[in-house]
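Peer 1: My questions will all concern the structure given below.
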Amino acid sequence: MGAMRYEGSSIDPTRPSIARVYDYLLGGKDNYAVDREIGDVFKRDLPGSVAIAFANRAALTRAVREIAKTTGIRQFIDLGSGLPTADNVHQVAQRHAPESRVVYVDIDVQVLVHGRALLEDNDRTRVVAVDVRDPEGIRSHPVTLELIDFSRPVAVIFSAILHHVNDDEDPAGIVRYWRDQVPSGSHFFLSHFRSGDNPETREAEKVLQQTFGRGRWRTDEEIASLLDGLEILDPGIVPAPLWRPDESGHPWNSGGAGRELTVWEHLIVAAMARKPDSP
């Protein structure tokens with residue numbers, strides 16, 4: 001769940017942060033009482049909803065591993081990356097392809113502090129402090145240009161970030177910008193809150209809206225439209241636990257194969273798409 005931040009440039013422990021709430025739901029320690037209060041609403045009033053965070057993170061891990069192992073892509077841009085957790089994008093990618101380069105993009109101050117500390121010893125990984133809604137600012141940033149060669153395929157990651165972009169902020173335009181900037185063969189990974197037309201969806205959406213003033217659940221059709229012009233790869237847009245599940249035993253990597261998904265696990269979908277070859 002990526003972070004978007006709109007107030008000042010310093011950490012404010014009295015205002016909840018999307019990144020820190022997500023960190024709390026995943027069992028992390030980089031959060032404050034105000035974040036835990038929001039997280040506890042999900043834990044207490046919407047039991048089972050925490051599965052969304054784990055299902056999303058697991059699908060991201062599998063997607064990065066798949067790209068690193070089965071394509072020649074060795075450069076990743078993670079938009080709205082959130083706080084460092086276990087199995088960050090650079091750790092997964094470099095485990096399978098050590099030469100992989102990763103640019104994390106976020107403007108939550110705490111993400112930047114932790115991210116830069118984590119990456120001090122990794123010269124193939126950087127953090128860029130630009131809003132995801134300013135793709136040109138990200139694309140032209142000196143740090144991005146230092147690490148990413150836009151003449152070669154890129155993996156562009158929108159993991160649980162576009163549902164924090166309102167319709168009038170043109171989330172499809174953000175994806176389209178990146179589609180136009182990268183060459184054929186580039187891959188896009190997207191995960192997104194999915195409208196369930198049920199009380200759980202409406203309640204969870206209300207909590208996010210009341211807390212952060214934003215948050216937009218979208219239908220499968222709306223999510224598919226975000227990937228216009230890209231070839232959506234198998235198995236399509238599916239609940240995150242069903243996106244190329246494995247049975248590795250790792251709690252973040254095992255999928256939902258062979259069992260009934262909960263209503264919550266249906267509310268986060270994942271998809272991978274490829275920029276097709278030019279005609």
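For the structure tokens, the naming scheme is as follows: chains receive sequential letters (A, B, ...) according to their order of presentation, residues are indexed from 1 within each chain, and ligands are indexed from 1 in presentation order.
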Counting only C-alpha atoms, give me one row per residue of region 181-209 of chain A with an atom at most 10 Å from an atom of region 46-70 of chain A, showing the shortest contact pair and its distance in Å to one decimal, sorted by chain then residue number, as a Markdown table.

Peer 2:
| residue | atom | partner | partner_atom | distance |
| --- | --- | --- | --- | --- |
| A:Ser186 | CA | A:Ile67 | CA | 9.9 |
| A:His187 | CA | A:Ile67 | CA | 7.9 |
| A:Phe188 | CA | A:Ala63 | CA | 9.6 |
| A:Phe189 | CA | A:Ala63 | CA | 7.1 |
| A:Leu190 | CA | A:Leu60 | CA | 8.6 |
| A:Ser191 | CA | A:Asn56 | CA | 6.9 |
| A:His192 | CA | A:Asn56 | CA | 8.6 |
| A:Phe193 | CA | A:Ile52 | CA | 8.8 |
| A:Glu200 | CA | A:Leu46 | CA | 7.2 |
| A:Thr201 | CA | A:Ser49 | CA | 9.8 |
| A:Glu203 | CA | A:Leu46 | CA | 8.1 |
| A:Ala204 | CA | A:Leu46 | CA | 7.6 |

Peer 1: Please report, as a list in words, each residue of region 14-163 of chain A to which DSSP assigns strand (DSSP E or B) when run on this structure's backbone.

Peer 2: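 Checking each residue of region 14-163 of chain A, the strand (DSSP E or B) ones are Gln75, Phe76, Ile77, Asp78, Leu79, Arg101, Val102, Val103, Tyr104, Val105, Thr125, Arg126, Val127, Val128, Ala155, Val156, Ile157, Phe158 and Ser159 of chain A.
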
Peer 1: Counting only C-alpha atoms, give me one row per residue of region 6-91 of chain A with an atom at most 12 Å from an atom of region 205-211 of chain A, showing the shortest contact pair and its distance in Å to one decimal, sorted by chain then residue number, as CSV.

Peer 2:
residue,atom,partner,partner_atom,distance
A:Arg15,CA,A:Thr211,CA,9.3
A:Pro16,CA,A:Thr211,CA,7.7
A:Ser17,CA,A:Thr211,CA,9.3
A:Ile18,CA,A:Leu208,CA,9.0
A:Val21,CA,A:Leu208,CA,10.7
A:Tyr22,CA,A:Leu208,CA,11.8
A:Val34,CA,A:Thr211,CA,10.6
A:Asp35,CA,A:Thr211,CA,10.1
A:Glu37,CA,A:Thr211,CA,10.7
A:Ile38,CA,A:Thr211,CA,7.8
A:Gly39,CA,A:Val207,CA,10.1
A:Asp40,CA,A:Val207,CA,11.3
A:Val41,CA,A:Val207,CA,8.2
A:Phe42,CA,A:Val207,CA,8.4
A:Asp45,CA,A:Val207,CA,10.4
A:Leu46,CA,A:Val207,CA,10.2
A:Ser49,CA,A:Glu205,CA,11.6

Peer 1: Using only C-alpha atoms, determine which residues lie at most 12 Å from Asp123 (chain A), disregarding the query and same-chain residues fewer than 2 positions distant; provide the list as a list in words.

Peer 2: His90, Gln94, Pro98, Glu99, Ser100, Arg101, Val102, Val103, Arg116, Leu118, Leu119, Glu120, Asp121, Thr125, Arg126, Val127, Val143, Glu146 and Leu147 of chain A

Peer 1: Grab the CA of Val156 (chain A) to CA of Arg244 (chain A) distance for me, in Å with one decimal place.

Peer 2: 18.3 Å

Peer 1: Choose the residue, out of A:Ile11, A:Lys29, A:Asp168, A:Phe76, that has the smallest atom-to-atom separation from Asn88 (chain A); count only C-alpha atoms.

Peer 2: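 Of A:Ile11, A:Lys29, A:Asp168, A:Phe76, the one nearest Asn88 (chain A) is A:Phe76, counting only C-alpha atoms.
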
Peer 1: Rank A:Glu231, A:Asp149, A:Asp12, A:Asp131 by their smallest atom-to-atom distance to Ile73 (chain A), using only C-alpha atoms, and report the top residue only.

Peer 2: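 Of A:Glu231, A:Asp149, A:Asp12, A:Asp131, the one nearest Ile73 (chain A), counting only C-alpha atoms, is A:Asp149.
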
Peer 1: So, with only C-alpha atoms as the atoms that count, which of A:Ala33, A:Ser159, A:Asp167, A:Arg133 lies closest to Ile268 (chain A)?

Peer 2: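 Looking only at the distances to Ile268 (chain A), the closest residue turns out to be A:Ser159.
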
Peer 1: Find the residue from A:Gln181, A:Ser278, A:Ser81, A:Gln91 that sits nearest to Ile148 (chain A); use only C-alpha atoms when measuring.

Peer 2: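 Among the listed residues, A:Gln181 lies closest to Ile148 (chain A).
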
Peer 1: How many Å separate CA of His164 (chain A) from CA of Lys275 (chain A)?

Peer 2: 24.0 Å

Peer 1: Give me, as a PyMOL selection string, the residues of region 46-207 of chain A that a backbone DSSP run labels alpha helix (DSSP H).

Peer 2: chain A and resi 50-70+89-96+109-118+135-139+142-147+171-181+199-207
